[in-house]
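Source file start.cif; content: mmCIF, C-alpha atoms.
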```cif
data_query
#
loop_
_atom_site.label_atom_id
_atom_site.label_comp_id
_atom_site.auth_asym_id
_atom_site.auth_seq_id
_atom_site.Cartn_x
_atom_site.Cartn_y
_atom_site.Cartn_z
CA MET Z 1 12.91 13.98 -30.07
CA ARG Z 2 13.84 10.54 -31.39
CA LYS Z 3 17.45 10.94 -30.33
CA LYS Z 4 16.43 11.89 -26.81
CA LEU Z 5 13.97 9.03 -26.69
CA VAL Z 6 16.62 6.53 -27.74
CA GLU Z 7 18.87 8.00 -25.04
CA ALA Z 8 16.12 7.62 -22.42
CA ILE Z 9 15.47 3.98 -23.34
CA GLY Z 10 19.20 3.31 -23.31
CA ASN Z 11 19.49 4.77 -19.82
CA ILE Z 12 16.84 2.38 -18.52
CA ARG Z 13 17.86 -0.65 -20.54
CA PRO Z 14 21.56 -0.37 -21.40
CA ASP Z 15 21.43 -3.99 -22.57
CA LEU Z 16 19.31 -3.10 -25.63
CA GLU Z 17 20.98 -2.31 -28.93
CA ILE Z 18 19.03 0.59 -30.38
CA ASP Z 19 19.45 1.95 -33.88
CA GLU Z 20 17.97 5.44 -33.98
CA ASN Z 21 16.98 5.01 -37.62
CA GLN Z 22 15.02 1.82 -37.16
CA ASP Z 23 11.94 0.89 -35.22
CA LEU Z 24 12.53 -1.19 -32.10
CA GLN Z 25 9.97 -3.62 -30.74
CA LEU Z 26 9.42 -2.86 -27.03
CA HIS Z 27 6.38 -5.09 -26.48
CA GLY Z 28 7.54 -8.06 -24.41
CA VAL Z 29 10.91 -6.38 -23.91
CA LEU Z 30 9.95 -3.76 -21.32
CA ASP Z 31 8.24 -5.01 -18.18
CA SER Z 32 6.00 -2.86 -15.96
CA LEU Z 33 8.95 -1.73 -13.87
CA ASP Z 34 10.87 -0.67 -17.00
CA ILE Z 35 7.86 1.32 -18.19
CA VAL Z 36 7.59 3.21 -14.90
CA LEU Z 37 11.29 4.06 -15.01
CA LEU Z 38 11.03 5.02 -18.67
CA VAL Z 39 8.09 7.36 -18.02
CA ASP Z 40 10.15 9.10 -15.35
CA GLU Z 41 13.21 9.25 -17.63
CA ILE Z 42 11.20 10.64 -20.56
CA GLU Z 43 9.56 13.27 -18.37
CA GLU Z 44 12.97 14.34 -17.15
CA THR Z 45 14.67 14.28 -20.55
CA LEU Z 46 11.88 15.91 -22.57
CA ASN Z 47 10.61 18.13 -19.75
CA ILE Z 48 7.00 16.96 -20.15
CA THR Z 49 4.38 15.39 -17.89
CA MET Z 50 2.74 12.20 -19.08
CA ASP Z 51 -0.81 11.41 -17.97
CA VAL Z 52 -0.17 7.86 -16.82
CA ALA Z 53 -3.89 7.08 -16.61
CA ALA Z 54 -4.04 7.56 -20.37
CA ILE Z 55 -1.04 5.35 -21.10
CA SER Z 56 -1.98 2.07 -22.77
CA PRO Z 57 0.33 -0.88 -23.57
CA GLU Z 58 0.03 0.03 -27.28
CA ILE Z 59 1.97 3.25 -26.67
CA PHE Z 60 4.95 1.26 -25.45
CA ALA Z 61 4.73 -1.35 -28.23
CA SER Z 62 7.68 0.05 -30.15
CA LEU Z 63 9.98 3.02 -30.53
CA ASN Z 64 7.75 4.39 -33.30
CA THR Z 65 4.49 4.14 -31.34
CA LEU Z 66 6.08 5.79 -28.33
CA GLU Z 67 7.52 8.60 -30.44
CA HIS Z 68 4.16 9.09 -32.15
CA TYR Z 69 2.43 9.39 -28.75
CA LEU Z 70 4.97 11.84 -27.39
CA LYS Z 71 4.80 14.02 -30.50
CA GLY Z 72 1.05 14.27 -29.86
CA LEU Z 73 1.74 15.66 -26.40
CA SER Z 74 3.99 18.46 -27.56
CA MET X 1 -20.97 2.13 -2.12
CA LYS X 2 -21.28 5.36 -0.17
CA MET X 3 -21.62 5.27 3.60
CA GLU X 4 -21.96 7.87 6.31
CA PHE X 5 -21.20 7.26 9.99
CA GLU X 6 -22.03 9.46 12.96
CA GLY X 7 -20.88 9.55 16.56
CA ALA X 8 -17.50 7.82 16.32
CA LYS X 9 -13.85 8.79 16.41
CA ILE X 10 -10.34 7.39 16.26
CA SER X 11 -8.85 7.73 19.75
CA GLY X 12 -5.37 6.37 19.12
CA VAL X 13 -3.14 4.64 16.60
CA HIS X 14 -0.13 2.45 17.34
CA LEU X 15 2.31 0.97 14.85
CA VAL X 16 4.53 -2.08 15.37
CA VAL X 17 7.44 -2.62 12.99
CA PRO X 18 10.04 -5.40 13.06
CA LYS X 19 13.49 -4.39 14.32
CA ASN X 20 15.04 -6.20 11.37
CA GLU X 21 15.91 -3.68 8.66
CA ILE X 22 17.02 -4.76 5.17
CA SER X 23 18.55 -2.43 2.60
CA PHE X 24 18.09 -2.65 -1.17
CA GLU X 25 21.88 -2.59 -1.60
CA SER X 26 22.32 -5.67 0.55
CA GLU X 27 19.95 -7.68 -1.66
CA ILE X 28 20.83 -6.26 -5.04
CA ASP X 29 22.79 -9.32 -6.17
CA GLN X 30 19.69 -11.53 -6.06
CA TYR X 31 17.94 -9.42 -8.72
CA THR X 32 18.86 -8.75 -12.34
CA PHE X 33 18.98 -4.96 -12.33
CA SER X 34 21.71 -3.01 -14.07
CA ALA X 35 23.53 -0.35 -12.04
CA ALA X 36 21.56 2.35 -13.89
CA GLN X 37 18.25 0.63 -13.16
CA SER X 38 19.14 0.27 -9.49
CA ARG X 39 19.92 3.97 -9.14
CA LYS X 40 16.68 4.87 -10.85
CA LEU X 41 14.63 2.40 -8.80
CA LYS X 42 15.94 3.99 -5.65
CA SER X 43 15.01 7.52 -6.66
CA VAL X 44 11.76 6.81 -8.55
CA MET X 45 10.27 3.79 -6.80
CA GLY X 46 11.72 4.39 -3.36
CA TYR X 47 13.61 1.10 -3.15
CA ASP X 48 15.79 1.68 -0.12
CA ARG X 49 15.15 0.25 3.35
CA ARG X 50 12.36 -1.94 4.66
CA ARG X 51 11.43 -3.68 7.86
CA VAL X 52 10.77 -7.41 7.69
CA VAL X 53 10.21 -10.08 10.31
CA GLU X 54 12.81 -12.67 11.21
CA PRO X 55 12.05 -16.25 10.07
CA GLY X 56 9.27 -17.83 12.13
CA VAL X 57 7.65 -14.57 13.27
CA VAL X 58 3.90 -14.56 12.60
CA SER X 59 1.20 -11.90 12.48
CA SER X 60 -0.02 -12.48 16.04
CA ASP X 61 3.50 -11.91 17.40
CA LEU X 62 3.48 -8.32 16.13
CA VAL X 63 -0.08 -7.69 17.31
CA ILE X 64 0.39 -9.11 20.81
CA SER X 65 3.56 -7.08 21.20
CA GLY X 66 1.66 -3.94 20.14
CA PHE X 67 -1.15 -4.49 22.65
CA LYS X 68 1.40 -5.12 25.43
CA HIS X 69 3.08 -1.83 24.56
CA LEU X 70 -0.25 -0.01 24.78
CA ILE X 71 -1.17 -1.65 28.10
CA ILE X 72 2.15 -0.64 29.68
CA ASN X 73 2.78 2.73 28.04
CA GLU X 74 -0.65 4.13 27.24
CA ASN X 75 -2.75 2.56 30.02
CA LEU X 76 -4.98 0.83 27.48
CA ASP X 77 -7.55 -1.21 29.40
CA LEU X 78 -8.36 -4.31 27.36
CA GLU X 79 -11.57 -4.72 29.40
CA SER X 80 -12.86 -1.63 27.62
CA ILE X 81 -12.64 -3.27 24.19
CA ASP X 82 -15.98 -4.59 22.94
CA ALA X 83 -14.84 -5.80 19.53
CA LEU X 84 -11.57 -6.89 17.95
CA VAL X 85 -11.51 -6.59 14.16
CA LEU X 86 -8.34 -8.11 12.73
CA VAL X 87 -7.51 -7.51 9.08
CA THR X 88 -4.80 -9.67 7.53
CA GLN X 89 -3.77 -11.65 4.47
CA THR X 90 -1.17 -13.55 6.48
CA PRO X 91 -3.08 -15.38 9.21
CA ASP X 92 -1.15 -17.60 11.64
CA TYR X 93 -3.38 -20.52 10.59
CA LEU X 94 -6.09 -21.17 8.02
CA ILE X 95 -8.23 -22.10 11.03
CA PRO X 96 -8.74 -20.46 13.53
CA GLY X 97 -8.69 -16.76 12.74
CA THR X 98 -5.77 -14.80 14.16
CA SER X 99 -8.08 -12.63 16.30
CA PHE X 100 -8.70 -15.71 18.47
CA ILE X 101 -4.97 -16.26 18.93
CA VAL X 102 -4.60 -12.64 20.02
CA HIS X 103 -7.64 -12.91 22.30
CA ASN X 104 -6.14 -15.95 23.99
CA ALA X 105 -2.77 -14.30 24.58
CA LEU X 106 -4.07 -11.19 26.37
CA PRO X 107 -6.63 -10.41 29.09
CA PHE X 108 -9.52 -9.50 26.79
CA LYS X 109 -13.00 -10.08 28.18
CA LYS X 110 -15.16 -12.94 26.87
CA ASP X 111 -18.11 -10.68 26.18
CA ILE X 112 -16.55 -9.46 22.93
CA VAL X 113 -16.88 -9.73 19.14
CA CYS X 114 -13.79 -11.12 17.40
CA MET X 115 -13.64 -11.19 13.62
CA ASP X 116 -11.01 -11.64 10.95
CA LEU X 117 -11.17 -9.95 7.56
CA ASN X 118 -9.07 -10.97 4.57
CA GLN X 119 -8.23 -7.64 2.95
CA GLY X 120 -5.10 -6.23 1.36
CA CYS X 121 -4.17 -2.63 0.68
CA SER X 122 -7.76 -1.42 1.19
CA GLY X 123 -7.74 -3.18 4.55
CA PHE X 124 -7.61 -0.10 6.72
CA ILE X 125 -10.58 1.54 5.01
CA ASN X 126 -12.65 -1.67 5.03
CA GLY X 127 -11.57 -2.40 8.60
CA MET X 128 -12.73 1.06 9.61
CA ILE X 129 -16.06 0.51 7.84
CA ALA X 130 -16.50 -2.76 9.80
CA SER X 131 -15.49 -1.07 13.06
CA LEU X 132 -17.79 1.92 12.55
CA SER X 133 -20.66 -0.44 11.67
CA LEU X 134 -20.11 -2.39 14.90
CA LEU X 135 -20.15 0.86 16.88
CA GLU X 136 -23.71 1.44 15.73
CA GLN X 137 -24.70 -1.33 18.18
CA ARG X 138 -25.72 0.01 21.60
CA ASN X 139 -23.50 -2.47 23.48
CA ILE X 140 -20.38 -1.75 21.48
CA ASN X 141 -18.55 1.43 22.46
CA ARG X 142 -14.94 0.65 21.69
CA VAL X 143 -13.42 -1.33 18.81
CA ALA X 144 -9.77 -2.30 18.41
CA LEU X 145 -9.06 -2.39 14.69
CA VAL X 146 -5.93 -4.42 13.98
CA ASN X 147 -4.19 -4.41 10.61
CA VAL X 148 -1.28 -6.79 10.23
CA ASP X 149 0.69 -8.45 7.47
CA VAL X 150 3.97 -10.35 7.26
CA LEU X 151 3.92 -10.54 3.48
CA SER X 152 7.70 -10.68 3.23
CA ARG X 153 7.32 -14.36 4.11
CA LEU X 154 5.24 -14.89 0.96
CA VAL X 155 7.30 -12.96 -1.58
CA ALA X 156 9.95 -14.95 -3.46
CA PHE X 157 13.62 -13.98 -3.08
CA GLY X 158 13.88 -13.64 -6.84
CA ASP X 159 10.79 -11.45 -7.30
CA ARG X 160 12.40 -8.25 -8.54
CA ASN X 161 9.06 -6.46 -8.88
CA SER X 162 7.75 -6.96 -5.35
CA ARG X 163 10.43 -8.16 -2.97
CA PRO X 164 12.53 -4.97 -2.80
CA ILE X 165 9.53 -2.99 -1.62
CA ILE X 166 7.54 -5.30 0.67
CA GLY X 167 7.60 -4.57 4.40
CA ASP X 168 5.94 -6.15 7.44
CA ALA X 169 4.04 -4.30 10.15
CA ALA X 170 1.01 -4.26 12.43
CA SER X 171 -1.18 -1.43 13.64
CA ILE X 172 -3.77 -1.07 16.37
CA THR X 173 -6.37 1.65 15.92
CA ILE X 174 -8.80 2.34 18.74
CA VAL X 175 -12.18 3.48 17.44
CA ASP X 176 -14.63 4.84 20.02
CA SER X 177 -18.23 5.95 20.17
CA ASN X 178 -18.26 9.70 20.61
CA GLU X 179 -21.51 11.59 20.12
CA SER X 180 -19.83 14.95 19.52
CA SER X 181 -17.63 13.80 16.65
CA SER X 182 -18.30 15.05 13.16
CA SER X 183 -19.63 12.62 10.58
CA ILE X 184 -17.35 10.26 8.65
CA SER X 185 -17.87 9.75 4.91
CA CYS X 186 -16.74 6.48 3.34
CA VAL X 187 -16.70 5.07 -0.17
CA SER X 188 -15.89 1.44 -0.99
CA LYS X 189 -15.55 0.02 -4.52
CA VAL X 190 -14.65 -3.36 -6.00
CA ASP X 191 -13.89 -4.77 -9.45
CA GLY X 192 -13.74 -8.54 -8.99
CA SER X 193 -12.59 -9.04 -12.57
CA GLY X 194 -9.14 -8.14 -11.25
CA TRP X 195 -9.15 -10.87 -8.58
CA ASP X 196 -5.95 -12.40 -9.99
CA ALA X 197 -4.00 -9.15 -10.38
CA LEU X 198 -2.52 -9.70 -6.90
CA MET X 199 -2.66 -13.23 -5.59
CA ILE X 200 -0.96 -16.28 -4.16
CA PRO X 201 -2.02 -19.16 -6.42
CA ALA X 202 -1.37 -22.08 -4.03
CA GLY X 203 -2.12 -22.55 -0.34
CA GLY X 204 -5.90 -22.35 -0.28
CA MET X 205 -8.47 -25.00 -1.14
CA LYS X 206 -8.25 -24.41 -4.91
CA MET X 207 -4.60 -25.46 -5.04
CA ARG X 208 -3.12 -27.14 -1.99
CA PRO X 209 0.60 -26.47 -1.41
CA SER X 210 2.86 -29.31 -2.56
CA ASP X 211 6.41 -29.97 -3.77
CA GLU X 212 5.13 -29.13 -7.22
CA THR X 213 3.72 -25.73 -6.22
CA ALA X 214 6.97 -24.95 -4.38
CA GLU X 215 9.01 -25.30 -7.55
CA SER X 216 10.47 -21.93 -8.66
CA ARG X 217 10.22 -20.78 -12.26
CA GLU X 218 11.44 -17.66 -14.05
CA ASP X 219 8.93 -15.48 -15.89
CA GLU X 220 9.61 -13.40 -19.01
CA SER X 221 10.58 -10.38 -16.86
CA GLY X 222 13.19 -12.28 -14.90
CA ASN X 223 11.13 -12.78 -11.74
CA VAL X 224 11.79 -16.11 -10.08
CA ARG X 225 8.92 -17.36 -7.97
CA SER X 226 6.76 -20.41 -7.22
CA LEU X 227 3.00 -20.89 -7.01
CA ASN X 228 3.31 -20.55 -3.23
CA ASP X 229 4.52 -16.96 -3.60
CA LEU X 230 2.78 -13.64 -4.07
CA VAL X 231 2.44 -12.65 -7.72
CA MET X 232 1.47 -9.20 -8.92
CA LYS X 233 0.48 -8.12 -12.41
CA GLY X 234 2.26 -4.81 -12.08
CA ASP X 235 0.84 -3.17 -15.20
CA ALA X 236 -2.77 -4.11 -14.37
CA VAL X 237 -2.47 -2.78 -10.81
CA PHE X 238 -0.72 0.38 -12.00
CA ASN X 239 -3.39 1.15 -14.61
CA PHE X 240 -6.20 0.46 -12.16
CA VAL X 241 -4.75 2.77 -9.51
CA MET X 242 -4.10 5.61 -11.93
CA LYS X 243 -7.58 5.35 -13.40
CA GLU X 244 -9.68 4.81 -10.29
CA VAL X 245 -7.99 6.53 -7.35
CA PRO X 246 -8.19 10.14 -8.61
CA LEU X 247 -11.91 9.61 -9.38
CA LEU X 248 -12.43 8.12 -5.93
CA ILE X 249 -10.91 11.16 -4.23
CA GLU X 250 -12.93 13.59 -6.34
CA ASP X 251 -16.07 11.59 -5.45
CA ILE X 252 -15.53 11.51 -1.73
CA CYS X 253 -14.71 15.20 -1.55
CA LEU X 254 -17.95 15.90 -3.36
CA ASP X 255 -19.90 13.62 -0.98
CA SER X 256 -18.34 15.28 2.05
CA GLN X 257 -19.15 18.70 0.58
CA LEU X 258 -15.51 19.62 0.88
CA SER X 259 -13.14 20.97 -1.68
CA LYS X 260 -9.65 19.46 -1.85
CA VAL X 261 -8.21 22.64 -0.32
CA ASP X 262 -10.37 22.07 2.78
CA ILE X 263 -8.58 18.75 3.44
CA ASP X 264 -5.50 19.16 5.63
CA TYR X 265 -3.84 15.86 4.67
CA PHE X 266 -4.28 13.10 2.14
CA VAL X 267 -3.00 9.87 3.67
CA PHE X 268 -3.03 7.10 1.09
CA HIS X 269 -1.83 3.54 0.86
CA GLN X 270 1.89 3.61 -0.06
CA PRO X 271 2.65 1.49 -3.15
CA ASN X 272 5.64 3.64 -4.20
CA PRO X 273 6.51 7.35 -4.44
CA PHE X 274 6.12 7.39 -8.24
CA MET X 275 2.45 6.40 -8.16
CA LEU X 276 1.68 8.73 -5.27
CA LYS X 277 3.31 11.68 -7.00
CA LYS X 278 1.32 10.93 -10.15
CA ILE X 279 -1.93 10.79 -8.16
CA ALA X 280 -1.07 14.06 -6.39
CA ASN X 281 -0.29 15.65 -9.74
CA LYS X 282 -3.53 14.48 -11.29
CA LEU X 283 -5.55 15.74 -8.31
CA GLU X 284 -3.52 18.96 -8.06
CA ILE X 285 -2.73 18.23 -4.43
CA PRO X 286 0.53 19.70 -3.08
CA LEU X 287 2.92 16.91 -2.11
CA ALA X 288 3.35 18.56 1.29
CA LYS X 289 -0.22 17.47 2.04
CA MET X 290 0.38 13.91 0.88
CA PRO X 291 3.04 11.87 2.71
CA HIS X 292 4.63 9.61 0.10
CA LYS X 293 7.95 8.32 1.43
CA LEU X 294 6.94 5.51 3.82
CA VAL X 295 8.12 2.85 1.38
CA SER X 296 11.74 4.09 1.40
CA GLU X 297 12.02 3.73 5.15
CA PHE X 298 9.71 0.87 6.10
CA GLY X 299 8.52 -0.77 2.89
CA ASN X 300 4.99 -1.26 1.58
CA SER X 301 3.11 -2.86 4.46
CA SER X 302 -0.17 -3.42 2.61
CA GLY X 303 -3.22 -2.69 4.80
CA VAL X 304 -1.02 -1.25 7.55
CA SER X 305 0.37 1.53 5.37
CA ILE X 306 -2.25 4.20 6.22
CA PRO X 307 -1.85 3.90 10.02
CA ALA X 308 1.89 3.56 9.43
CA VAL X 309 1.96 6.94 7.71
CA LEU X 310 -0.06 8.47 10.55
CA CYS X 311 2.41 7.13 13.14
CA THR X 312 5.59 8.05 11.25
CA SER X 313 4.74 11.33 9.53
CA PHE X 314 2.86 13.18 12.27
CA GLU X 315 3.24 14.14 15.93
CA ARG X 316 0.28 13.42 18.19
CA GLN X 317 0.08 17.11 19.18
CA GLU X 318 -0.64 18.07 15.57
CA PHE X 319 -4.11 16.67 16.10
CA ASP X 320 -4.84 18.63 19.28
CA VAL X 321 -6.59 20.95 16.88
CA GLY X 322 -8.75 18.82 14.58
CA LYS X 323 -7.43 18.02 11.12
CA LYS X 324 -9.54 17.06 8.14
CA MET X 325 -8.08 13.87 6.73
CA CYS X 326 -8.75 12.04 3.49
CA LEU X 327 -7.60 8.41 3.78
CA ALA X 328 -7.54 6.02 0.82
CA GLY X 329 -6.53 2.40 0.20
CA PHE X 330 -6.38 0.44 -3.05
CA GLY X 331 -5.17 -2.95 -4.19
CA VAL X 332 -6.07 -6.65 -3.87
CA GLY X 333 -9.51 -7.49 -5.18
CA LEU X 334 -9.30 -5.22 -7.02
CA SER X 335 -10.73 -2.93 -4.37
CA TRP X 336 -10.43 0.71 -3.55
CA GLY X 337 -11.93 2.85 -0.82
CA ALA X 338 -11.61 6.19 0.90
CA MET X 339 -12.86 8.06 3.92
CA VAL X 340 -12.96 11.68 4.99
CA MET X 341 -12.91 12.30 8.71
CA GLU X 342 -11.60 14.65 11.33
CA LEU X 343 -8.74 13.41 13.49
CA GLU X 344 -8.59 15.20 16.82
CA LYS X 345 -7.19 14.90 20.34
CA LEU X 346 -5.58 11.50 19.94
CA GLU X 347 -4.73 9.69 23.18
CA PHE X 348 -1.72 8.11 21.51
CA LEU X 349 0.05 8.04 18.16
CA SER X 350 3.03 5.83 18.71
CA LEU X 351 5.46 3.29 17.34
CA SER X 352 7.16 0.27 18.87
CA GLN X 353 9.51 -2.37 17.50
CA PHE X 354 9.35 -6.13 17.69
#
```
Using structure tokens, write down the structure that the file contains.
Amino acid sequence: MRKKLVEAIGNIRPDLEIDENQDLQLHGVLDSLDIVLLVDEIEETLNITMDVAAISPEIFASLNTLEHYLKGLS
Amino acid sequence: MKMEFEGAKISGVHLVVPKNEISFESEIDQYTFSAAQSRKLKSVMGYDRRRVVEPGVVSSDLVISGFKHLIINENLDLESIDALVLVTQTPDYLIPGTSFIVHNALPFKKDIVCMDLNQGCSGFINGMIASLSLLEQRNINRVALVNVDVLSRLVAFGDRNSRPIIGDAASITIVDSNESSSSISCVSKVDGSGWDALMIPAGGMKMRPSDETAESREDESGNVRSLNDLVMKGDAVFNFVMKEVPLLIEDICLDSQLSKVDIDYFVFHQPNPFMLKKIANKLEIPLAKMPHKLVSEFGNSSGVSIPAVLCTSFERQEFDVGKKMCLAGFGVGLSWGAMVMELEKLEFLSLSQF
């Protein structure tokens, strides 16, 4: 999942240098528009549906928090 | 707040859009999107084409043009109008209200109620509530509800979150007394703690416009705007809509004693296709029953978006047999509201350009 997640973030923000093996701070890096696009990209890549009403800013704080949340969905 | 109205109907809806069409591609250089982001924004958020007024065009220009169209093409008799309710966030002047400018420009009678309401994306629902309330007076039998906004004039060129999606438009909805019409259920809700989620900081009495307020600054997301421009806290608005709108729709269906399958169409305010698809998904409403692509063709026209969907997604004849409609608006305030009503035998459902 992590590899796909890194790919999804890279598709939305090609300017970010992402090391798959390290955590990446996303808080303050992704704006609301980025988050919308990332939700769509993740849903497409991982073939899941995210309940956006349940999404809090904490989920998008870093690569680790996002991965943790997505693992809970599957 | 739940409300129930009897003996009233919508007789016709007319939409006025500016002739001037702008494409996302033509403006892309003024934002800081990568090529990948731009492609995605087009498909997910519906950034594509929008209609905006030319410099100098004001709200009353669109409205007066719309009424003239109705007088000539639909035989609308302005003498028959007992009240003019004008909903806008972009008045021609701070004083007087724009309804008076419109009244002066056209042969309305003097024995009339004119009122202006400052409402955003819930403006059609709240305008309908005001119109239906006026119709409860014995002497008021016909209300012209006007929704109009030229918000493109108040969104900064460098606002990458809002500018690519904002459109201008006006609508005129004729609401009549009609004893045989079925009842109309309405719900209106407000959370004033979100008053600053969508706002223009300068221009009112709290902060008068000045050279200082006109100075542009870049925020952490790369949006360049001044205090004279519209500012939206995108994440706050997004979370509010996703949390409250599905509950609102469930509530109003319950109040109307209808199940969602009994509703023929769900016509909602049009922030962007992504949010509308998410709402449809949450409510398990088929997308075919929820028009969601207005933004890609005309832009988000705030309080005009619900009548704009009616005029661009449906043919008048579709309503020759009554259709159960669920209408919902949400935004500035924060406010959100919905109504369930039957639309039937419309005298007009039309569009003109200014």
Got a sec: who's within 12 Å of Gly72 in chain Z, counting all atoms listed in the file, leaving out chain neighbours fewer than 2 positions off, as a ChimeraX atom specification?
-> /Z:1,48,50,59,65-70,74
Can you check which residues of chain X have any atom within 12 Å of chain Z? Use all atoms listed in the file and format it as a PyMOL selection string.
-> chain X and resi 32-46+159-162+219-223+232-247+272-283
What does the distance from CA of Val231 in chain X to CA of Ile306 in chain X come to in Å, to one decimal?
-> 22.4 Å
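Our summary of the geometry notes that CA of Gln270 in chain X is positioned 28.8 Å from CA of Gly7 in chain X.
Taking CA of Asn20 in chain X as the reference point, CA of Ser216 in chain X is found at 25.9 Å.
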